[in-house]
>>> print(open('final_6.cif').read())   # mmCIF, C-alpha atoms and all ligand atoms
data_input
#
loop_
_atom_site.label_atom_id
_atom_site.label_comp_id
_atom_site.auth_asym_id
_atom_site.auth_seq_id
_atom_site.Cartn_x
_atom_site.Cartn_y
_atom_site.Cartn_z
CA MET L 1 -9.55 -114.14 13.96
CA SER L 2 -7.65 -113.80 10.73
CA CYS L 3 -4.65 -115.85 9.67
CA PRO L 4 -1.75 -115.59 9.62
CA ARG L 5 -1.54 -113.59 12.82
CA ILE L 6 0.74 -112.88 15.72
CA GLU L 7 -0.90 -113.06 19.11
CA VAL L 8 0.84 -110.71 21.50
CA ASP L 9 0.38 -111.17 25.23
CA LEU L 10 1.02 -107.66 26.49
CA ALA L 11 0.81 -108.74 30.13
CA LYS L 12 3.77 -111.08 29.58
CA ILE L 13 5.80 -108.30 27.99
CA ARG L 14 5.00 -106.03 30.91
CA ARG L 15 5.91 -108.79 33.39
CA ASN L 16 9.17 -109.60 31.58
CA THR L 17 10.11 -105.92 31.71
CA GLN L 18 9.24 -105.76 35.41
CA THR L 19 11.37 -108.81 36.15
CA LEU L 20 14.42 -107.27 34.48
CA VAL L 21 13.80 -103.84 36.00
CA LYS L 22 13.71 -105.45 39.47
CA ARG L 23 16.93 -107.38 38.89
CA LEU L 24 18.88 -104.50 37.37
CA GLY L 25 17.57 -101.75 39.64
CA PRO L 26 19.64 -102.74 42.69
CA ARG L 27 22.75 -102.59 40.45
CA GLY L 28 21.92 -99.02 39.51
CA ILE L 29 20.97 -99.97 35.96
CA GLY L 30 17.83 -98.76 34.22
CA VAL L 31 16.10 -100.59 31.36
CA THR L 32 15.58 -98.89 28.02
CA GLY L 33 13.00 -100.87 26.05
CA VAL L 34 14.04 -101.52 22.43
CA THR L 35 11.11 -101.66 20.02
CA LYS L 36 12.82 -102.32 16.68
CA ALA L 37 11.93 -106.03 16.51
CA VAL L 38 8.25 -105.12 16.82
CA CYS L 39 8.54 -102.21 14.33
CA GLY L 40 7.81 -99.65 17.03
CA HIS L 41 4.41 -101.14 17.87
CA PRO L 42 2.92 -98.57 20.28
CA ALA L 43 0.99 -100.98 22.53
CA ILE L 44 4.04 -103.21 22.96
CA ALA L 45 6.16 -100.15 23.70
CA GLN L 46 3.57 -99.06 26.27
CA ALA L 47 3.71 -102.50 27.93
CA MET L 48 7.49 -102.02 28.31
CA LEU L 49 6.94 -98.62 29.89
CA ASP L 50 4.24 -100.02 32.17
CA GLY L 51 6.75 -102.66 33.27
CA GLY L 52 9.14 -99.93 34.40
CA ALA L 53 11.33 -99.20 31.37
CA VAL L 54 12.76 -95.70 31.79
CA GLY L 55 12.58 -94.94 28.10
CA LEU L 56 12.33 -96.40 24.62
CA ALA L 57 14.81 -96.86 21.82
CA ASP L 58 14.58 -97.90 18.19
CA ALA L 59 16.94 -98.20 15.25
CA ARG L 60 14.63 -96.66 12.65
CA ILE L 61 13.13 -93.21 12.56
CA SER L 62 9.97 -94.59 10.89
CA ASN L 63 9.31 -96.69 14.00
CA VAL L 64 9.90 -93.72 16.30
CA GLN L 65 7.44 -91.70 14.23
CA LYS L 66 4.80 -94.42 14.79
CA LEU L 67 5.25 -94.02 18.53
CA ARG L 68 5.01 -90.25 18.33
CA ALA L 69 1.96 -90.45 16.06
CA VAL L 70 -0.11 -92.02 18.85
CA GLY L 71 0.96 -89.35 21.28
CA MET L 72 3.82 -90.98 23.18
CA THR L 73 5.77 -88.14 24.68
CA GLY L 74 8.42 -89.92 26.77
CA PRO L 75 12.09 -90.10 25.85
CA ILE L 76 12.88 -92.07 22.68
CA THR L 77 16.44 -92.58 21.53
CA LEU L 78 17.59 -93.55 18.06
CA ILE L 79 20.14 -96.33 18.58
CA ARG L 80 21.42 -96.62 15.03
CA THR L 81 23.64 -93.73 14.00
CA PRO L 82 21.31 -91.42 12.05
CA MET L 83 21.37 -91.11 8.28
CA LEU L 84 22.73 -87.73 7.28
CA SER L 85 19.63 -87.29 5.11
CA GLN L 86 17.33 -87.73 8.15
CA ALA L 87 18.92 -85.24 10.55
CA ASP L 88 15.83 -83.01 10.70
CA GLN L 89 13.45 -85.91 11.34
CA VAL L 90 15.74 -87.29 14.05
CA VAL L 91 15.86 -83.98 15.89
CA LEU L 92 12.08 -83.60 15.64
CA SER L 93 11.18 -87.00 17.04
CA CYS L 94 14.05 -88.18 19.26
CA GLU L 95 15.49 -86.66 22.44
CA ALA L 96 18.83 -88.22 21.67
CA SER L 97 20.61 -90.47 19.22
CA TYR L 98 23.62 -92.79 19.22
CA ASN L 99 26.35 -91.42 17.01
CA THR L 100 29.71 -92.34 15.53
CA GLU L 101 30.29 -89.74 12.80
CA ILE L 102 31.15 -86.09 13.49
CA LEU L 103 29.64 -85.11 10.13
CA VAL L 104 26.27 -86.51 11.22
CA ILE L 105 26.56 -84.87 14.65
CA SER L 106 27.19 -81.49 12.98
CA ALA L 107 24.08 -81.99 10.83
CA LEU L 108 22.04 -82.87 13.92
CA ALA L 109 23.36 -79.73 15.65
CA ALA L 110 22.38 -77.57 12.68
CA ALA L 111 18.94 -79.21 12.53
CA ALA L 112 18.44 -78.67 16.28
CA ILE L 113 19.38 -75.00 15.98
CA ARG L 114 16.87 -74.61 13.11
CA ASN L 115 14.29 -76.32 15.32
CA GLY L 116 15.11 -74.25 18.39
CA SER L 117 16.02 -77.33 20.43
CA VAL L 118 19.06 -79.16 21.75
CA HIS L 119 19.61 -82.76 20.63
CA GLY L 120 21.23 -85.28 22.95
CA ILE L 121 24.27 -87.17 21.70
CA VAL L 122 25.34 -90.57 22.99
CA LEU L 123 28.66 -91.61 21.52
CA MET L 124 28.74 -95.26 20.51
CA VAL L 125 32.10 -96.84 21.30
CA GLU L 126 33.59 -99.85 19.53
CA MET L 127 34.56 -102.42 22.16
CA GLY L 128 34.85 -105.54 20.00
CA ASP L 129 31.64 -106.14 18.07
CA GLN L 130 33.13 -104.41 15.01
CA ARG L 131 29.79 -102.94 13.98
CA ASP L 132 29.15 -99.23 14.51
CA GLY L 133 31.35 -97.50 17.04
CA ILE L 134 34.06 -94.92 17.59
CA LEU L 135 37.46 -96.44 18.33
CA PRO L 136 38.34 -95.87 22.02
CA GLU L 137 41.46 -93.88 21.10
CA ASN L 138 39.34 -91.39 19.10
CA LEU L 139 36.60 -91.01 21.70
CA LYS L 140 38.09 -88.12 23.71
CA ASP L 141 38.65 -86.03 20.63
CA ILE L 142 35.11 -86.52 19.32
CA ALA L 143 33.59 -85.93 22.77
CA GLN L 144 35.45 -82.60 22.98
CA GLN L 145 34.19 -81.58 19.55
CA VAL L 146 30.61 -82.37 20.61
CA MET L 147 31.10 -80.33 23.78
CA GLN L 148 32.05 -77.32 21.72
CA MET L 149 29.09 -77.54 19.34
CA SER L 150 25.88 -75.68 20.02
CA GLY L 151 22.60 -77.44 19.23
CA VAL L 152 23.80 -80.72 20.70
CA ALA L 153 24.57 -81.87 24.23
CA LEU L 154 26.82 -84.79 25.13
CA LYS L 155 24.56 -87.14 27.09
CA GLY L 156 26.74 -90.14 27.46
CA ILE L 157 28.50 -93.09 25.91
CA GLY L 158 27.28 -96.50 24.88
CA THR L 159 28.61 -99.73 23.52
CA ASN L 160 27.20 -102.80 21.87
CA PHE L 161 28.10 -106.48 21.80
CA ALA L 162 27.06 -109.72 20.12
CA CYS L 163 25.38 -108.13 17.14
CA LEU L 164 27.83 -108.58 14.30
CA ASN L 165 30.25 -111.06 15.80
CA GLY L 166 27.92 -112.91 18.18
CA LEU L 167 30.29 -112.67 21.15
CA ALA L 168 28.99 -111.72 24.59
CA PRO L 169 30.98 -109.07 26.46
CA THR L 170 33.66 -110.08 28.92
CA ALA L 171 34.20 -108.50 32.35
CA LEU L 172 37.48 -107.11 31.00
CA GLN L 173 35.81 -105.36 28.07
CA MET L 174 33.15 -103.91 30.37
CA ALA L 175 35.77 -102.64 32.81
CA ALA L 176 37.61 -100.97 29.91
CA PHE L 177 34.34 -99.35 28.83
CA CYS L 178 33.75 -97.99 32.35
CA ASP L 179 37.30 -96.58 32.37
CA LEU L 180 36.43 -94.69 29.19
CA ALA L 181 33.45 -93.10 30.95
CA ASN L 182 35.77 -91.83 33.71
CA GLU L 183 38.31 -90.65 31.19
CA ILE L 184 35.76 -88.67 29.15
CA GLU L 185 34.52 -86.97 32.31
CA GLY L 186 38.08 -86.14 33.22
CA VAL L 187 38.52 -84.34 29.92
CA CYS L 188 35.04 -82.96 29.26
CA GLY L 189 33.91 -82.06 32.72
CA PRO L 190 30.22 -82.75 33.01
CA PHE L 191 28.83 -85.90 34.49
CA LEU L 192 27.82 -88.33 31.76
CA LYS L 193 24.14 -89.04 32.26
CA ILE L 194 24.06 -92.22 30.23
CA VAL L 195 26.61 -95.02 30.36
CA SER L 196 24.82 -97.66 28.33
CA GLY L 197 26.55 -101.02 28.56
CA GLY L 198 24.84 -102.86 25.72
CA ASN L 199 21.88 -105.05 24.82
CA SER L 200 20.33 -108.33 25.97
CA ALA L 201 23.68 -110.09 25.49
CA ASN L 202 24.96 -108.12 28.51
CA LEU L 203 22.57 -109.76 30.95
CA THR L 204 24.84 -112.66 31.84
CA TRP L 205 27.60 -110.19 32.69
CA VAL L 206 25.32 -107.80 34.51
CA LEU L 207 23.63 -110.44 36.65
CA GLY L 208 26.95 -112.13 37.46
CA GLU L 209 29.14 -111.70 40.51
CA HIS L 210 31.36 -108.79 39.49
CA ALA L 211 30.63 -105.12 39.99
CA THR L 212 28.96 -103.41 37.07
CA GLY L 213 30.87 -100.18 37.54
CA ARG L 214 29.71 -97.06 35.78
CA VAL L 215 27.09 -98.78 33.60
CA ASN L 216 23.66 -97.31 34.38
CA ASP L 217 21.62 -98.36 31.35
CA LEU L 218 20.98 -101.40 29.18
CA ARG L 219 19.02 -101.33 25.93
CA LEU L 220 16.89 -104.46 26.00
CA GLY L 221 14.76 -105.90 23.22
CA GLU L 222 15.08 -109.65 22.83
CA ALA L 223 15.24 -110.42 26.55
CA ILE L 224 12.00 -108.52 27.20
CA LEU L 225 10.15 -109.78 24.15
CA LEU L 226 11.25 -113.42 24.05
CA GLY L 227 12.55 -114.04 27.58
CA VAL L 228 15.82 -115.48 26.31
CA GLU L 229 19.50 -114.60 26.53
CA PRO L 230 20.49 -114.11 22.88
CA VAL L 231 23.99 -115.60 22.83
CA SER L 232 23.07 -118.94 24.41
CA GLY L 233 19.40 -118.86 23.43
CA ASP L 234 18.62 -120.01 26.98
CA ARG L 235 15.47 -118.94 28.77
CA ILE L 236 16.16 -116.30 31.41
CA ASP L 237 15.04 -117.55 34.79
CA GLY L 238 11.54 -116.35 35.68
CA MET L 239 10.77 -114.91 32.25
CA TYR L 240 7.99 -115.71 29.78
CA THR L 241 9.17 -117.08 26.43
CA ASP L 242 5.70 -117.17 24.91
CA ALA L 243 4.60 -113.55 24.78
CA PHE L 244 4.36 -113.92 20.98
CA THR L 245 2.67 -116.74 19.07
CA LEU L 246 2.50 -117.03 15.31
CA VAL L 247 -0.71 -118.69 14.07
CA ALA L 248 -1.00 -120.02 10.52
CA GLU L 249 -3.77 -121.87 8.71
CA VAL L 250 -3.68 -125.31 7.10
CA ILE L 251 -4.55 -125.18 3.39
CA GLU L 252 -3.75 -128.76 2.30
CA THR L 253 -3.25 -132.10 4.02
CA GLY L 254 -2.41 -135.60 2.93
CA ALA L 255 0.60 -137.72 2.11
CA LYS L 256 2.66 -137.34 -1.01
CA PRO L 257 4.62 -140.21 -2.53
CA PRO L 258 8.19 -139.93 -1.24
CA SER L 259 9.69 -139.18 -4.62
CA ILE L 260 7.73 -137.77 -7.46
CA PRO L 261 9.94 -138.26 -10.50
CA ILE L 262 11.17 -134.97 -11.85
CA ALA L 263 10.47 -134.86 -15.56
CA LEU L 264 13.14 -132.37 -16.40
CA ILE L 265 16.67 -133.60 -16.06
CA ASP L 266 17.84 -130.38 -14.54
CA PRO L 267 20.67 -130.76 -12.05
CA THR L 268 19.67 -127.59 -10.18
CA ARG L 269 16.17 -128.83 -9.59
CA GLU L 270 17.45 -132.26 -8.65
CA ARG L 271 19.61 -130.79 -5.91
CA LEU L 272 16.82 -128.65 -4.53
CA ARG L 273 14.28 -131.47 -4.48
CA ILE L 274 12.86 -131.93 -1.04
CA VAL L 275 12.90 -135.46 0.35
CA THR L 276 10.16 -136.39 2.75
CA PRO L 277 11.79 -137.44 6.02
CA SER L 278 11.36 -141.11 6.77
CA GLY L 279 8.52 -141.80 9.15
CA ALA L 280 6.59 -138.68 8.26
CA CYS L 281 3.84 -140.17 6.18
CA ALA L 282 1.32 -137.38 6.55
CA ARG L 283 1.91 -133.77 5.77
CA MET L 284 0.22 -130.45 5.87
CA ILE L 285 0.73 -127.20 4.04
CA LEU L 286 0.24 -123.88 5.80
CA ALA L 287 -0.44 -120.52 4.20
CA ILE L 288 2.76 -118.80 5.30
CA GLY L 289 6.21 -118.71 3.77
CA HIS L 290 9.61 -117.10 3.44
CA GLN L 291 7.99 -113.82 2.49
CA ASP L 292 6.37 -113.61 5.93
CA THR L 293 8.99 -114.77 8.38
CA ASP L 294 12.23 -116.66 9.01
CA ILE L 295 10.89 -120.20 8.65
CA LEU L 296 13.95 -121.74 10.32
CA GLY L 297 13.17 -119.64 13.39
CA LEU L 298 9.79 -121.28 13.97
CA SER L 299 9.51 -123.91 16.67
CA MET L 300 7.77 -126.92 15.14
CA PRO L 301 4.89 -128.28 17.22
CA THR L 302 5.91 -131.53 18.97
CA GLY L 303 5.97 -134.51 16.63
CA ASN L 304 6.09 -132.33 13.52
CA THR L 305 9.05 -131.81 11.21
CA LEU L 306 9.86 -129.01 8.83
CA ILE L 307 9.92 -130.41 5.29
CA GLY L 308 10.46 -127.11 3.53
CA ALA L 309 9.06 -123.78 2.58
CA THR L 310 8.65 -121.53 -0.43
CA SER L 311 7.76 -117.87 -0.57
CA ASP L 312 4.13 -118.55 0.38
CA HIS L 313 3.92 -122.19 1.56
CA LEU L 314 5.18 -124.00 4.63
CA VAL L 315 5.27 -127.80 4.32
CA ILE L 316 5.34 -129.77 7.55
CA GLY L 317 5.56 -133.52 8.10
CA THR L 318 3.18 -134.88 10.71
CA PRO L 319 3.61 -138.45 11.98
CA VAL L 320 -0.02 -138.71 13.02
CA THR L 321 -3.17 -137.60 11.26
CA PRO L 322 -2.63 -133.95 10.39
CA PRO L 323 -5.05 -131.24 11.48
CA THR L 324 -7.89 -130.68 9.05
CA VAL L 325 -7.88 -128.03 6.34
CA GLY L 326 -8.86 -124.70 7.84
CA SER L 327 -7.46 -125.44 11.28
CA GLU L 328 -4.75 -123.35 12.90
CA VAL L 329 -1.20 -124.28 13.87
CA ARG L 330 0.72 -122.28 16.50
CA PHE L 331 4.44 -121.55 16.62
CA GLN L 332 6.88 -119.81 18.91
CA MET L 333 9.35 -117.59 17.07
CA SER L 334 13.05 -116.81 17.25
CA TYR L 335 14.13 -113.15 17.23
CA ASN L 336 14.63 -113.19 13.44
CA ALA L 337 11.28 -114.86 12.86
CA LEU L 338 9.55 -112.35 15.15
CA MET L 339 11.24 -109.34 13.56
CA ARG L 340 10.27 -110.38 10.04
CA ALA L 341 6.74 -111.46 10.96
CA MET L 342 6.07 -108.15 12.71
CA ALA L 343 7.09 -106.34 9.53
CA ALA L 344 5.10 -108.60 7.18
CA PRO L 345 2.12 -106.79 5.68
CA ASP L 346 -0.03 -109.93 5.52
CA ILE L 347 0.32 -110.84 9.19
CA ASN L 348 -2.11 -109.28 11.61
CA VAL L 349 -1.12 -108.37 15.14
CA GLU L 350 -3.71 -109.34 17.77
CA LEU L 351 -3.21 -107.88 21.21
CA MET L 352 -4.28 -109.74 24.32
CA GLY L 353 -3.56 -110.34 27.98
CA TYR L 354 -3.93 -106.74 29.03
CA PRO L 355 -6.96 -104.86 30.12
CA PRO L 356 -7.11 -102.11 27.51
CA LYS L 357 -7.05 -98.69 29.12
CA ARG L 358 -10.61 -97.40 29.18
CA PRO L 359 -11.54 -93.84 29.94
CA SER L 360 -13.30 -93.61 33.29
CA ARG L 361 -17.05 -93.00 33.32
CA HIS L 362 -16.51 -89.57 34.82
CA THR L 363 -14.90 -88.27 31.67
CA GLN L 364 -17.96 -89.02 29.56
CA GLY L 365 -18.36 -86.58 26.75
CA LYS L 366 -14.71 -85.67 26.84
CA VAL L 367 -13.23 -89.04 26.04
CA GLN L 368 -9.54 -89.04 25.27
CA HIS L 369 -8.67 -91.76 22.81
CA LEU L 370 -5.60 -93.79 23.59
CA ALA L 371 -5.15 -95.09 20.08
CA LEU L 372 -2.52 -97.62 21.00
CA VAL L 373 -3.56 -100.39 18.65
C1 LIG Z 401 19.05 -104.03 18.57
C2 LIG Z 401 19.86 -103.22 19.46
C3 LIG Z 401 19.68 -103.33 20.85
C4 LIG Z 401 18.74 -104.33 21.47
O1 LIG Z 401 19.24 -105.62 21.28
P1 LIG Z 401 18.55 -106.90 21.95
O2 LIG Z 401 19.50 -108.00 21.71
O3 LIG Z 401 17.25 -107.06 21.26
O4 LIG Z 401 18.38 -106.59 23.39
C5 LIG Z 401 20.43 -102.50 21.65
N1 LIG Z 401 21.31 -101.62 21.14
C6 LIG Z 401 21.51 -101.48 19.82
C7 LIG Z 401 22.49 -100.48 19.32
C8 LIG Z 401 20.80 -102.28 18.93
O5 LIG Z 401 21.01 -102.15 17.62
#
>>> encode(input="final_6.cif", output="structure tokens", more="lines below")
Ligand SMILES: *Cc1c(COP(=O)(O)O)cnc(C)c1O
Amino acid sequence: MSCPRIEVDLAKIRRNTQTLVKRLGPRGIGVTGVTKAVCGHPAIAQAMLDGGAVGLADARISNVQKLRAVGMTGPITLIRTPMLSQADQVVLSCEASYNTEILVISALAAAAIRNGSVHGIVLMVEMGDQRDGILPENLKDIAQQVMQMSGVALKGIGTNFACLNGLAPTALQMAAFCDLANEIEGVCGPFLKIVSGGNSANLTWVLGEHATGRVNDLRLGEAILLGVEPVSGDRIDGMYTDAFTLVAEVIETGAKPPSIPIALIDPTRERLRIVTPSGACARMILAIGHQDTDILGLSMPTGNTLIGATSDHLVIGTPVTPPTVGSEVRFQMSYNALMRAMAAPDINVELMGYPPKRPSRHTQGKVQHLALV
């Protein structure tokens, strides 16, 4: 198999989804699988659906288009407020989108009318993360405007935590959000289909003691993919944290003298000079670098230390004899490392752990290709 590569265990992604679906189901909360960290990879999205996710969501229209291109027909929601310039594409490939700007909603409505469809609108509410979101005091007014527009239908409200400011939601904030859902229904009439409480950072709140009120949806990416709760970084009980493995190849081994004198007396270079950590006498260089992933988000194999990285090289100190040139080294990845590695053109994605869907023998001659890879 080629290097560098990401090995993806689809069975673990399916199982992680199942675990969350089972825990949230009794609380009346469905799981929307978020595919943005894997760039809308269709097989990974399918594993989420097979695990019981009720729908998919992504932040980028290009990722949604990848899912549609392989024939996925289920509901896909755009969870970043659409670009005004992409209104037509959004309406064509997404059932609904999260929105904060009335100008964009009007453009979506016009695009939907041109397309002969109705586009679903979920209003994103600002509850403390200070990223995208309508201020609670403006929500009623915008909801009423959406109600009066043809081409769009108000599907619900959503909120988001721990993205920009890194703070998990409190029970108080969630209660205030649920009150908003009641208030909007009081003013606008129809039952809000979606009350989406947030992302993986909501799991601690949702699995806690208190009632989860009106919330009936969570948009989950990191928890499904990496099995961790993003704010603490802790493994979620019963979840796999090794569905993804990054594999890189050793291209040089051997010790280097601790300080090679720098010929140029350049203070900038002096400051940036990497010092071999004491005790690490052997080292290896792998063919992967900053251009491929977030190096600081790689878990070093036991006994190894990160010495440094450049755009294309990763230098690791090994206390024992390093692996030979040509051998492979395996890493677990943080969310940032995963996200960047999945988008890196030089990293191959190898799927495993899942019996690929094969057409049954009876359909010979009329084989339908599930081009999920
Ligand atoms: C990324 C994102 C999510 C998913 O976040 P995770 O922490 O990966 O679960 C959910 N909602 C919105 C709006 C997002 O941008």
>>> residues_near_ligand(input="final_6.cif", ligand="ligand LIG 401 (chain Z)", cutoff="10 Å", atoms="all atoms listed in the file", output="NGL selection string")
:L and (32-37 or 57-60 or 78-81 or 98 or 124 or 131-133 or 158-164 or 196-203 or 218-226 or 228-231 or 335)
>>> closest_residue(input="final_6.cif", among="L:Leu172, L:Ile288, L:Val21, L:Leu135", to="Trp205 (chain L)", atoms="only C-alpha atoms")
L:Leu172
>>> closest_residue(input="final_6.cif", among="L:Asp179, L:Asp88, L:Asp217, L:Asp129", to="Val104 (chain L)", atoms="all atoms listed in the file")
L:Asp88
>>> atom_distance(input="final_6.cif", atom1="CA of Val31 (chain L)", atom2="CA of Ile44 (chain L)")
14.9 Å
>>> residues_around(input="final_6.cif", residues="Ile61 (chain L)", least_positions_apart="6", cutoff="8 Å", atoms="all atoms listed in the file", output="compact mmCIF listing (two decimals) with C-alpha atoms, keeping the file's coordinate frame")
# COMPACT_ATOMS: atom_id res chain seq x y z
CA LEU L 78 17.59 -93.55 18.06
CA GLN L 89 13.45 -85.91 11.34
CA VAL L 90 15.74 -87.29 14.05
CA SER L 93 11.18 -87.00 17.04
>>> atom_distance(input="final_6.cif", atom1="CA of Asp9 (chain L)", atom2="CA of Gly30 (chain L)")
23.2 Å
>>> atom_distance(input="final_6.cif", atom1="CA of Thr204 (chain L)", atom2="CA of Ala181 (chain L)")
21.4 Å
>>> closest_residue(input="final_6.cif", among="L:Ala175, L:Met339, L:Ile157, L:Ala168", to="Phe191 (chain L)", atoms="only C-alpha atoms")
L:Ile157
>>> closest_residue(input="final_6.cif", among="L:Leu139, L:Gln173, L:Gly74, L:Pro4", to="Leu314 (chain L)", atoms="only C-alpha atoms")
L:Pro4
>>> closest_residue(input="final_6.cif", among="L:Ile13, L:Val349, L:Leu167, L:Ile76", to="Cys94 (chain L)", atoms="all atoms listed in the file")
L:Ile76
>>> build_atoms(input="final_6.cif", residues="region 291-303 of chain L", atoms="N, CA, C and O atoms", output="compact mmCIF listing (two decimals), in the coordinates of the input")
# COMPACT_ATOMS: atom_id res chain seq x y z
N GLN L 291 8.28 -115.24 2.60
CA GLN L 291 7.99 -113.82 2.49
C GLN L 291 7.48 -113.22 3.81
O GLN L 291 7.55 -112.03 4.02
N ASP L 292 6.97 -114.09 4.68
CA ASP L 292 6.37 -113.61 5.93
C ASP L 292 7.29 -113.64 7.13
O ASP L 292 7.13 -112.85 8.05
N THR L 293 8.21 -114.60 7.16
CA THR L 293 8.99 -114.77 8.38
C THR L 293 10.25 -115.59 8.09
O THR L 293 10.47 -116.02 6.97
N ASP L 294 11.08 -115.78 9.12
CA ASP L 294 12.23 -116.66 9.01
C ASP L 294 11.75 -118.05 9.41
O ASP L 294 11.60 -118.35 10.59
N ILE L 295 11.51 -118.88 8.40
CA ILE L 295 10.89 -120.20 8.65
C ILE L 295 11.74 -121.04 9.59
O ILE L 295 11.23 -121.76 10.46
N LEU L 296 13.07 -120.93 9.46
CA LEU L 296 13.95 -121.74 10.32
C LEU L 296 13.88 -121.30 11.78
O LEU L 296 14.32 -122.00 12.67
N GLY L 297 13.30 -120.13 12.03
CA GLY L 297 13.17 -119.64 13.39
C GLY L 297 11.84 -119.99 14.04
O GLY L 297 11.52 -119.49 15.11
N LEU L 298 11.07 -120.86 13.38
CA LEU L 298 9.79 -121.28 13.97
C LEU L 298 10.00 -122.59 14.73
O LEU L 298 10.64 -123.50 14.23
N SER L 299 9.42 -122.67 15.92
CA SER L 299 9.51 -123.91 16.67
C SER L 299 8.40 -124.82 16.15
O SER L 299 7.23 -124.45 16.16
N MET L 300 8.79 -126.00 15.65
CA MET L 300 7.77 -126.92 15.14
C MET L 300 6.97 -127.51 16.30
O MET L 300 7.55 -127.87 17.33
N PRO L 301 5.67 -127.62 16.16
CA PRO L 301 4.89 -128.28 17.22
C PRO L 301 5.42 -129.71 17.43
O PRO L 301 5.90 -130.33 16.48
N THR L 302 5.35 -130.22 18.65
CA THR L 302 5.91 -131.53 18.97
C THR L 302 5.41 -132.59 18.00
O THR L 302 4.22 -132.64 17.67
N GLY L 303 6.33 -133.41 17.54
CA GLY L 303 5.97 -134.51 16.63
C GLY L 303 5.91 -134.09 15.18
O GLY L 303 5.69 -134.91 14.30
